[in-house]
$ cat protein35.txt   # compact mmCIF, C-alpha atoms
# COMPACT_ATOMS: atom_id res chain seq x y z
CA MET A 70 -180.67 -172.88 -40.49
CA HIS A 71 -182.46 -173.31 -37.19
CA GLU A 72 -179.66 -171.57 -35.31
CA LEU A 73 -181.77 -168.44 -34.90
CA SER A 74 -184.50 -170.45 -33.13
CA ILE A 75 -181.81 -171.98 -30.92
CA VAL A 76 -180.31 -168.61 -30.07
CA SER A 77 -183.79 -167.25 -29.27
CA SER A 78 -184.27 -170.11 -26.78
CA ILE A 79 -180.89 -169.29 -25.23
CA VAL A 80 -181.88 -165.62 -24.84
CA ASP A 81 -185.18 -166.60 -23.17
CA THR A 82 -183.57 -169.08 -20.77
CA VAL A 83 -180.70 -166.81 -19.77
CA THR A 84 -182.99 -163.78 -19.39
CA ASP A 85 -185.17 -165.79 -16.99
CA SER A 86 -182.14 -167.04 -15.07
CA VAL A 87 -180.50 -163.63 -14.54
CA ALA A 88 -183.75 -162.15 -13.27
CA ALA A 89 -182.70 -163.66 -9.93
CA TYR A 90 -179.63 -161.37 -9.91
CA PRO A 91 -180.94 -157.80 -10.25
CA GLY A 92 -178.47 -155.43 -11.89
CA ALA A 93 -176.16 -158.24 -13.01
CA ARG A 94 -174.60 -158.11 -16.48
CA VAL A 95 -174.14 -161.27 -18.52
CA LYS A 96 -170.49 -161.62 -19.57
CA GLU A 97 -170.39 -165.11 -21.01
CA VAL A 98 -172.79 -167.89 -21.99
CA ARG A 99 -171.26 -171.36 -22.21
CA LEU A 100 -172.86 -174.09 -24.29
CA ARG A 101 -172.21 -177.80 -24.63
CA VAL A 102 -172.98 -178.91 -28.17
CA GLY A 103 -172.73 -182.53 -29.25
CA ALA A 104 -170.96 -183.38 -32.51
CA LEU A 105 -174.30 -184.88 -33.62
CA ALA A 106 -176.42 -181.88 -32.66
CA SER A 107 -176.63 -180.48 -36.20
CA VAL A 108 -175.61 -177.04 -35.05
CA VAL A 109 -172.95 -174.94 -36.73
CA GLU A 110 -170.98 -172.73 -34.38
CA GLU A 111 -170.38 -170.01 -37.00
CA SER A 112 -174.13 -169.67 -37.55
CA LEU A 113 -174.78 -169.61 -33.82
CA GLN A 114 -172.22 -166.83 -33.35
CA PHE A 115 -173.66 -164.88 -36.27
CA CYS A 116 -177.22 -165.10 -34.90
CA TYR A 117 -176.09 -164.47 -31.33
CA GLY A 118 -174.95 -160.91 -31.96
CA ILE A 119 -178.27 -160.02 -33.58
CA ALA A 120 -180.62 -161.89 -31.25
CA THR A 121 -179.04 -160.58 -28.04
CA GLU A 122 -179.38 -156.89 -28.97
CA ASP A 123 -181.51 -155.01 -26.43
CA THR A 124 -181.60 -158.01 -24.09
CA PRO A 125 -179.69 -158.68 -20.83
CA LEU A 126 -177.30 -160.76 -22.97
CA ALA A 127 -176.19 -157.84 -25.16
CA GLY A 128 -172.42 -157.68 -25.46
CA SER A 129 -171.86 -161.10 -23.91
CA VAL A 130 -169.60 -163.75 -25.37
CA LEU A 131 -170.91 -167.10 -26.54
CA VAL A 132 -168.52 -169.98 -25.82
CA VAL A 133 -169.26 -173.29 -27.52
CA GLN A 134 -167.73 -176.48 -26.20
CA THR A 135 -168.08 -179.32 -28.68
CA VAL A 136 -168.83 -182.68 -27.10
CA PRO A 137 -167.60 -185.77 -28.99
CA VAL A 138 -169.79 -188.77 -29.79
CA ILE A 139 -169.41 -191.65 -27.32
CA LEU A 140 -170.74 -195.10 -28.18
CA HIS A 141 -171.03 -198.14 -26.01
CA CYS A 142 -169.26 -201.10 -27.58
CA ILE A 143 -170.73 -204.42 -26.47
CA PRO A 144 -167.80 -206.69 -27.51
CA CYS A 145 -165.27 -204.37 -25.79
CA GLY A 146 -167.62 -203.84 -22.85
CA GLN A 147 -166.85 -200.14 -22.66
CA ASP A 148 -167.67 -196.65 -23.87
CA VAL A 149 -165.55 -195.50 -26.79
CA GLU A 150 -165.16 -192.21 -28.64
CA LEU A 151 -166.35 -192.34 -32.24
CA ASP A 152 -163.58 -191.76 -34.79
CA SER A 153 -165.74 -190.72 -37.71
CA LEU A 154 -169.32 -189.50 -37.99
CA GLN A 155 -169.46 -191.50 -41.23
CA ASN A 156 -169.07 -194.85 -39.53
CA PHE A 157 -170.82 -195.73 -36.28
CA CYS A 158 -168.53 -198.48 -35.12
CA CYS A 159 -166.04 -199.08 -32.34
CA PRO A 160 -162.60 -197.63 -33.26
CA ARG A 161 -160.93 -200.58 -31.51
CA CYS A 162 -162.79 -203.66 -32.70
CA ASN A 163 -164.91 -202.24 -35.57
CA ALA A 164 -168.15 -203.64 -34.14
CA PRO A 165 -171.10 -201.48 -35.24
CA SER A 166 -173.01 -199.79 -32.44
CA ASN A 167 -176.29 -197.92 -32.09
CA ASP A 168 -175.83 -197.37 -28.40
CA LEU A 169 -175.14 -193.66 -28.28
CA ARG A 170 -174.06 -192.44 -24.85
CA GLN A 171 -173.09 -188.87 -25.74
CA GLY A 172 -173.05 -186.54 -28.72
CA ARG A 173 -176.55 -185.11 -29.12
CA GLU A 174 -176.23 -182.51 -26.33
CA LEU A 175 -177.53 -179.05 -26.97
CA GLU A 176 -177.46 -177.31 -23.63
CA ILE A 177 -176.53 -174.20 -21.73
CA ASP A 178 -173.87 -175.33 -19.29
CA SER A 179 -173.39 -172.11 -17.33
CA ILE A 180 -173.32 -168.34 -17.53
CA GLU A 181 -170.84 -165.85 -16.16
CA ILE A 182 -172.38 -162.72 -14.71
CA GLU A 183 -170.88 -159.54 -13.27
CA GLU A 184 -172.45 -157.83 -10.29
CA ASP A 185 -171.73 -154.52 -8.57
CA GLU A 186 -170.44 -154.92 -5.02
CA MET B 225 -167.41 -155.64 -9.12
CA THR B 226 -167.64 -159.40 -8.74
CA THR B 227 -168.12 -162.09 -11.27
CA ARG B 228 -170.05 -165.23 -10.62
CA ILE B 229 -170.57 -168.44 -12.55
CA VAL B 230 -174.17 -169.65 -12.54
CA GLU B 231 -174.57 -173.32 -13.47
CA LEU B 232 -177.66 -173.81 -15.60
CA ARG B 233 -177.24 -177.23 -17.28
CA ARG B 234 -180.45 -176.65 -19.20
CA GLY B 235 -181.39 -178.19 -22.53
CA ILE B 236 -181.78 -175.43 -25.10
CA LEU B 237 -184.74 -177.21 -26.70
CA LYS B 238 -186.18 -178.17 -23.32
CA LYS B 239 -189.50 -176.51 -24.08
CA ASN B 240 -189.88 -178.51 -27.30
CA ASP B 241 -188.75 -181.71 -25.56
CA GLU B 242 -191.36 -181.24 -22.82
CA LEU B 243 -194.14 -180.57 -25.33
CA ALA B 244 -193.04 -183.62 -27.34
CA ALA B 245 -193.10 -185.80 -24.22
CA GLY B 246 -196.66 -184.63 -23.59
CA LEU B 247 -197.63 -185.49 -27.16
CA ARG B 248 -195.98 -188.91 -26.87
CA ASP B 249 -198.07 -189.63 -23.78
CA ARG B 250 -201.24 -188.60 -25.64
CA TYR B 251 -200.37 -190.79 -28.66
CA THR B 252 -199.68 -193.78 -26.39
CA ALA B 253 -202.89 -193.30 -24.42
CA ALA B 254 -204.88 -193.06 -27.66
CA GLY B 255 -203.18 -196.11 -29.20
CA VAL B 256 -202.18 -194.25 -32.36
CA LEU B 257 -198.84 -195.03 -34.03
CA VAL B 258 -197.18 -191.75 -35.00
CA LEU B 259 -194.47 -191.50 -37.64
CA ASN B 260 -192.32 -188.53 -38.60
CA LEU B 261 -191.17 -188.60 -42.24
CA VAL B 262 -188.00 -186.65 -42.99
CA SER B 263 -186.01 -186.19 -46.19
CA SER B 264 -184.55 -183.63 -48.56
CA PRO B 265 -186.98 -181.63 -50.70
CA GLY B 266 -187.97 -183.69 -53.75
CA THR B 267 -187.31 -187.17 -52.36
CA GLY B 268 -190.94 -188.09 -52.88
CA LYS B 269 -192.34 -188.05 -49.35
CA THR B 270 -195.78 -186.97 -50.53
CA ALA B 271 -196.11 -189.62 -53.27
CA PHE B 272 -194.85 -192.25 -50.81
CA LEU B 273 -197.40 -191.09 -48.25
CA GLU B 274 -200.25 -190.97 -50.80
CA TRP B 275 -199.67 -194.67 -51.49
CA THR B 276 -199.29 -195.49 -47.80
CA LEU B 277 -202.54 -193.76 -46.81
CA ARG B 278 -204.47 -195.43 -49.64
CA GLU B 279 -203.11 -198.87 -48.82
CA LEU B 280 -203.71 -198.61 -45.07
CA LYS B 281 -207.26 -197.38 -45.69
CA ALA B 282 -207.82 -200.30 -48.05
CA ARG B 283 -206.75 -202.59 -45.21
CA GLY B 284 -209.36 -200.98 -42.96
CA ALA B 285 -207.05 -198.78 -40.87
CA ARG B 286 -207.95 -195.31 -39.66
CA VAL B 287 -205.25 -192.90 -40.83
CA ALA B 288 -204.55 -189.17 -40.81
CA ALA B 289 -201.69 -186.90 -41.82
CA LEU B 290 -200.14 -183.57 -40.96
CA VAL B 291 -197.93 -182.10 -43.64
CA GLY B 292 -195.38 -179.33 -43.21
CA ASP B 293 -194.23 -176.91 -45.87
CA LEU B 294 -192.99 -173.36 -45.83
CA GLU B 295 -195.86 -172.26 -48.08
CA THR B 296 -198.87 -173.66 -50.05
CA ASP B 297 -201.36 -176.39 -49.24
CA ASN B 298 -200.55 -178.37 -52.39
CA ASP B 299 -199.34 -181.43 -50.50
CA ALA B 300 -202.34 -181.48 -48.16
CA ARG B 301 -204.68 -181.40 -51.17
CA ARG B 302 -202.80 -184.30 -52.78
CA LEU B 303 -202.92 -186.38 -49.59
CA ALA B 304 -206.58 -185.55 -48.90
CA ALA B 305 -207.50 -187.31 -52.16
CA SER B 306 -206.95 -190.55 -50.22
CA GLY B 307 -210.03 -189.65 -48.15
CA ALA B 308 -207.96 -189.43 -44.96
CA PRO B 309 -208.18 -186.36 -42.72
CA VAL B 310 -205.19 -184.16 -43.62
CA ARG B 311 -204.01 -180.82 -42.31
CA GLN B 312 -201.36 -178.56 -43.79
CA ILE B 313 -198.90 -176.78 -41.50
CA ASN B 314 -197.34 -173.72 -43.15
CA THR B 315 -194.20 -172.71 -41.30
CA HIS B 316 -193.70 -169.45 -43.25
CA GLY B 317 -189.95 -169.66 -43.46
CA ILE B 318 -189.18 -171.93 -40.52
CA CYS B 319 -187.14 -174.90 -41.70
CA HIS B 320 -188.67 -177.61 -39.48
CA LEU B 321 -191.81 -178.62 -37.62
CA ASP B 322 -191.79 -178.41 -33.83
CA ALA B 323 -193.92 -179.98 -31.12
CA GLU B 324 -195.93 -176.81 -30.57
CA MET B 325 -197.01 -176.72 -34.23
CA ILE B 326 -198.06 -180.36 -34.03
CA GLY B 327 -200.03 -179.80 -30.83
CA SER B 328 -201.93 -176.84 -32.21
CA HIS B 329 -202.76 -178.62 -35.49
CA LEU B 330 -204.12 -181.67 -33.68
CA GLU B 331 -206.84 -179.59 -32.02
CA GLY B 332 -210.27 -180.92 -32.82
CA TRP B 333 -208.99 -184.35 -33.86
CA GLU B 334 -209.91 -187.28 -31.64
CA LEU B 335 -206.66 -189.26 -31.51
CA GLY B 336 -208.50 -192.29 -30.16
CA ASP B 337 -210.26 -192.53 -33.53
CA LEU B 338 -206.96 -193.04 -35.34
CA ASP B 339 -204.68 -196.03 -35.83
CA TYR B 340 -201.87 -194.19 -37.64
CA LEU B 341 -200.86 -190.54 -37.80
CA PHE B 342 -198.20 -189.52 -40.32
CA ILE B 343 -196.29 -186.28 -40.01
CA GLU B 344 -194.60 -185.24 -43.24
CA ASN B 345 -191.87 -182.87 -42.12
CA VAL B 346 -190.51 -179.89 -44.06
CA GLY B 347 -188.07 -181.11 -46.72
CA ASN B 348 -184.75 -180.65 -44.91
CA LEU B 349 -182.21 -183.18 -43.64
CA VAL B 350 -180.65 -180.93 -41.02
CA CYS B 351 -182.95 -178.96 -38.74
CA PRO B 352 -185.84 -181.43 -38.24
CA SER B 353 -183.39 -183.84 -36.59
CA SER B 354 -183.24 -181.63 -33.48
CA TYR B 355 -186.99 -181.37 -32.96
CA ASP B 356 -188.76 -184.27 -31.31
CA LEU B 357 -192.43 -184.36 -32.36
CA GLY B 358 -193.29 -187.14 -29.95
CA GLU B 359 -193.22 -189.68 -32.78
CA LYS B 360 -192.65 -193.38 -32.16
CA ILE B 361 -190.93 -193.95 -35.48
CA ARG B 362 -188.75 -191.53 -37.39
CA VAL B 363 -188.43 -192.47 -41.04
CA ALA B 364 -185.59 -191.04 -43.14
CA LEU B 365 -186.22 -191.18 -46.88
CA LEU B 366 -183.66 -191.03 -49.66
CA SER B 367 -184.32 -191.19 -53.41
CA VAL B 368 -182.17 -192.94 -55.98
CA THR B 369 -181.48 -189.59 -57.66
CA GLU B 370 -179.82 -188.06 -54.61
CA GLY B 371 -176.53 -189.91 -54.44
CA GLU B 372 -175.60 -192.96 -52.41
CA ASP B 373 -173.54 -190.90 -49.96
CA LYS B 374 -176.43 -188.84 -48.62
CA PRO B 375 -176.47 -190.73 -45.29
CA LEU B 376 -172.75 -189.96 -44.86
CA LYS B 377 -173.38 -186.28 -45.53
CA TYR B 378 -176.26 -186.07 -43.06
CA PRO B 379 -175.29 -188.51 -40.29
CA THR B 380 -177.31 -186.78 -37.58
CA MET B 381 -180.57 -187.35 -39.37
CA PHE B 382 -179.89 -190.91 -40.52
CA ASN B 383 -178.47 -191.88 -37.14
CA SER B 384 -181.63 -190.65 -35.41
CA ALA B 385 -183.95 -192.60 -37.74
CA ASP B 386 -185.76 -195.81 -36.81
CA ALA B 387 -186.38 -196.87 -40.41
CA ALA B 388 -184.99 -195.85 -43.79
CA VAL B 389 -186.81 -195.77 -47.11
CA ILE B 390 -185.24 -195.59 -50.55
CA THR B 391 -187.73 -194.04 -52.98
CA LYS B 392 -188.04 -193.97 -56.80
CA MET B 393 -186.52 -197.45 -57.21
CA ASP B 394 -188.30 -197.64 -60.60
CA ILE B 395 -185.69 -195.26 -62.02
CA ALA B 396 -182.70 -196.70 -60.15
CA GLU B 397 -181.14 -198.19 -63.25
CA PRO B 398 -181.21 -195.16 -65.58
CA CYS B 399 -179.91 -193.07 -62.66
CA GLY B 400 -176.94 -195.41 -62.22
CA PHE B 401 -177.96 -195.95 -58.60
CA ASP B 402 -175.37 -198.04 -56.76
CA ARG B 403 -177.66 -200.04 -54.49
CA PRO B 404 -175.00 -201.94 -52.46
CA GLU B 405 -173.15 -198.70 -51.79
CA ALA B 406 -176.34 -196.94 -50.60
CA LEU B 407 -177.27 -199.84 -48.29
CA LYS B 408 -173.71 -199.95 -46.93
CA ASN B 409 -173.73 -196.20 -46.22
CA ILE B 410 -177.09 -196.31 -44.43
CA ASN B 411 -175.82 -199.19 -42.31
CA GLN B 412 -172.61 -197.38 -41.47
CA ILE B 413 -174.60 -194.50 -39.99
CA ARG B 414 -177.35 -196.57 -38.37
CA PRO B 415 -176.23 -200.18 -38.02
CA GLY B 416 -179.00 -202.73 -38.51
CA ILE B 417 -181.75 -200.23 -39.40
CA ARG B 418 -184.77 -201.56 -41.36
CA ILE B 419 -184.47 -200.41 -44.98
CA PHE B 420 -187.35 -200.40 -47.46
CA GLU B 421 -186.67 -200.11 -51.19
CA THR B 422 -189.79 -198.68 -52.77
CA SER B 423 -191.45 -197.06 -55.74
CA ALA B 424 -194.64 -195.10 -55.20
CA LYS B 425 -195.07 -195.16 -58.97
CA THR B 426 -195.11 -198.94 -59.49
CA GLY B 427 -195.91 -199.91 -55.89
CA ALA B 428 -192.76 -202.02 -55.64
CA GLY B 429 -191.74 -202.60 -52.04
CA MET B 430 -194.81 -200.84 -50.68
CA ASP B 431 -196.43 -204.00 -49.33
CA ALA B 432 -193.37 -204.76 -47.18
CA TRP B 433 -193.48 -201.19 -45.86
CA VAL B 434 -197.18 -201.31 -45.00
CA ASP B 435 -196.74 -204.76 -43.41
CA TYR B 436 -194.02 -203.23 -41.25
CA LEU B 437 -196.40 -200.46 -40.12
CA VAL B 438 -199.07 -202.98 -39.19
CA GLU B 439 -196.53 -205.09 -37.26
CA GLU B 440 -195.13 -202.07 -35.45
CA ARG B 441 -198.57 -200.91 -34.42
CA ALA B 442 -199.50 -204.38 -33.15
CA ARG B 443 -196.18 -204.65 -31.29
CA ARG B 444 -196.45 -201.27 -29.61
CA SER B 445 -200.10 -201.27 -28.62
$ encode --input "protein35.txt" --output "structure tokens"
Amino acid sequence: MHELSIVSSIVDTVTDSVAAYPGARVKEVRLRVGALASVVEESLQFCYGIATEDTPLAGSVLVVQTVPVILHCIPCGQDVELDSLQNFCCPRCNAPSNDLRQGRELEIDSIEIEEDE
Amino acid sequence: MTTRIVELRRGILKKNDELAAGLRDRYTAAGVLVLNLVSSPGTGKTAFLEWTLRELKARGARVAALVGDLETDNDARRLAASGAPVRQINTHGICHLDAEMIGSHLEGWELGDLDYLFIENVGNLVCPSSYDLGEKIRVALLSVTEGEDKPLKYPTMFNSADAAVITKMDIAEPCGFDRPEALKNINQIRPGIRIFETSAKTGAGMDAWVDYLVEERARRS
């Protein structure tokens, strides 16, 4: 249950970023979360409502985009999307692979803000 | 009223990652091999580490340990019996160690005086996987009492590990431990990973583990 720590980091980062836009309201915060990031969206959403109270993020919507795991398969010579988190092998040729190219992301992609004219 | 999209593309744990990178540089400069031990509560990390510290000291190595728990300094007192410098980190409810906690608990220690530094993480197979502590080697431990499918249930942790240790092998048989199944599952999550089958009670497998540490330190320094 480290989602609260994660949400606190999001609040800090976004608060710093919107300081450049005085008077702006944060409408949406968009995350990219890898399938291997060990983060549960339901817990994030639960913590988000609490942790954003009385901050510039209050009332904003958290949108989580899940990013699949991509491995590089040496025999196939290409990047392939992992079928199952229980078996780190190429879905085409079954060769095992430790060469992870995507899937651990835990990042704020962008925010949507609203400004008065 | 206008809306605007602001691209941030910022790692959420960027602050921890930066602190960990700084620690990694310090460890490398000091020539100390740092290991982060992760497992469920009750796997036997402390007993495994007690043996490891004793054995490395007996071989003339300079060792130290940081140990994380929510509360109590019981584990630090156990590990300190080895004669190695040991510090307890109490997280008071936080489910993992982070790089900032490590940095602050290293104050006053001369890293250049150490060959090995062990970090025993909080017993938890989920959250510690996200927090880089600057370690060179992450060790995931699993005991024979936990079920052979543990690696399948916690793929993030086992996939991020550099070595795996099976503990309590002395009671494998009465526990009905299916060794081939456990080895297969670990390999499915982290193909080709080094696996050590150990007992901190009988010492079985501990020599191979300590030999590995010595080799890794020689290789990386």
$ closest_residue --input "protein35.txt" --among "A:Pro125, A:Pro165, A:Pro137, A:Pro144" --to "chain B" --atoms "only C-alpha atoms"
A:Pro165
$ residues_around --input "protein35.txt" --residues "B:Asp322" --least-positions-apart "6" --cutoff "10 Å" --atoms "all atoms listed in the file" --output "PDB file with C-alpha atoms, keeping the file's coordinate frame"
ATOM      1  CA  ASN B 240    -189.880-178.510 -27.300  1.00  0.00           C
ATOM      2  CA  ASP B 241    -188.750-181.710 -25.560  1.00  0.00           C
ATOM      3  CA  LEU B 243    -194.140-180.570 -25.330  1.00  0.00           C
ATOM      4  CA  ALA B 244    -193.040-183.620 -27.340  1.00  0.00           C
ATOM      5  CA  THR B 315    -194.200-172.710 -41.300  1.00  0.00           C
ATOM      6  CA  ASN B 345    -191.870-182.870 -42.120  1.00  0.00           C
ATOM      7  CA  PRO B 352    -185.840-181.430 -38.240  1.00  0.00           C
ATOM      8  CA  SER B 354    -183.240-181.630 -33.480  1.00  0.00           C
ATOM      9  CA  TYR B 355    -186.990-181.370 -32.960  1.00  0.00           C
ATOM     10  CA  ASP B 356    -188.760-184.270 -31.310  1.00  0.00           C
ATOM     11  CA  LEU B 357    -192.430-184.360 -32.360  1.00  0.00           C
ATOM     12  CA  GLY B 358    -193.290-187.140 -29.950  1.00  0.00           C
TER      13      GLY B 358
END
$ closest_residue --input "protein35.txt" --among "B:Ser353, B:Met393, B:Ala388, B:Lys238" --to "A:Leu105" --atoms "all atoms listed in the file"
B:Ser353
$ interface_residues --input "protein35.txt" --of "chain A" --to "chain B" --cutoff "6 Å" --atoms "all atoms listed in the file" --output "mmCIF file with C-alpha atoms, keeping the file's coordinate frame"
data_model
loop_
_atom_site.group_PDB
_atom_site.id
_atom_site.type_symbol
_atom_site.label_atom_id
_atom_site.label_comp_id
_atom_site.auth_asym_id
_atom_site.auth_seq_id
_atom_site.Cartn_x
_atom_site.Cartn_y
_atom_site.Cartn_z
ATOM 1 C CA HIS A 71 -182.460 -173.310 -37.190
ATOM 2 C CA LEU A 105 -174.300 -184.880 -33.620
ATOM 3 C CA GLN A 155 -169.460 -191.500 -41.230
ATOM 4 C CA ASN A 156 -169.070 -194.850 -39.530
ATOM 5 C CA PHE A 157 -170.820 -195.730 -36.280
ATOM 6 C CA PRO A 165 -171.100 -201.480 -35.240
ATOM 7 C CA LEU A 175 -177.530 -179.050 -26.970
ATOM 8 C CA GLU A 176 -177.460 -177.310 -23.630
ATOM 9 C CA ILE A 177 -176.530 -174.200 -21.730
ATOM 10 C CA ASP A 178 -173.870 -175.330 -19.290
ATOM 11 C CA SER A 179 -173.390 -172.110 -17.330
ATOM 12 C CA ILE A 180 -173.320 -168.340 -17.530
ATOM 13 C CA GLU A 181 -170.840 -165.850 -16.160
ATOM 14 C CA ILE A 182 -172.380 -162.720 -14.710
ATOM 15 C CA GLU A 183 -170.880 -159.540 -13.270
ATOM 16 C CA GLU A 184 -172.450 -157.830 -10.290
ATOM 17 C CA ASP A 185 -171.730 -154.520 -8.570
ATOM 18 C CA GLU A 186 -170.440 -154.920 -5.020
#
$ atom_distance --input "protein35.txt" --atom1 "atom CA of B:Cys399" --atom2 "atom CA of B:Arg418"
23.4 Å
$ residues_around --input "protein35.txt" --residues "B:Leu261" --least-positions-apart "4" --cutoff "8 Å" --atoms "only C-alpha atoms" --output "VMD selection string"
chain B and resid 269 342 to 345 362 to 365
$ axis_aligned_box --input "protein35.txt" --around "stretch 151-164 of chain A" --padding-each-side "6 Å" --output "AutoDock Vina command-line options"
--center_x -165.9 --center_y -196.6 --center_z -36.4 --size_x 21.9 --size_y 26.2 --size_z 21.7
$ residues_around --input "protein35.txt" --residues "A:Arg161" --least-positions-apart "2" --cutoff "9 Å" --atoms "all atoms listed in the file" --output "mmCIF file with C-alpha atoms, keeping the file's coordinate frame"
data_model
loop_
_atom_site.group_PDB
_atom_site.id
_atom_site.type_symbol
_atom_site.label_atom_id
_atom_site.label_comp_id
_atom_site.auth_asym_id
_atom_site.auth_seq_id
_atom_site.Cartn_x
_atom_site.Cartn_y
_atom_site.Cartn_z
ATOM 1 C CA CYS A 145 -165.270 -204.370 -25.790
ATOM 2 C CA VAL A 149 -165.550 -195.500 -26.790
ATOM 3 C CA CYS A 158 -168.530 -198.480 -35.120
ATOM 4 C CA CYS A 159 -166.040 -199.080 -32.340
ATOM 5 C CA ASN A 163 -164.910 -202.240 -35.570
ATOM 6 C CA ALA A 164 -168.150 -203.640 -34.140
#
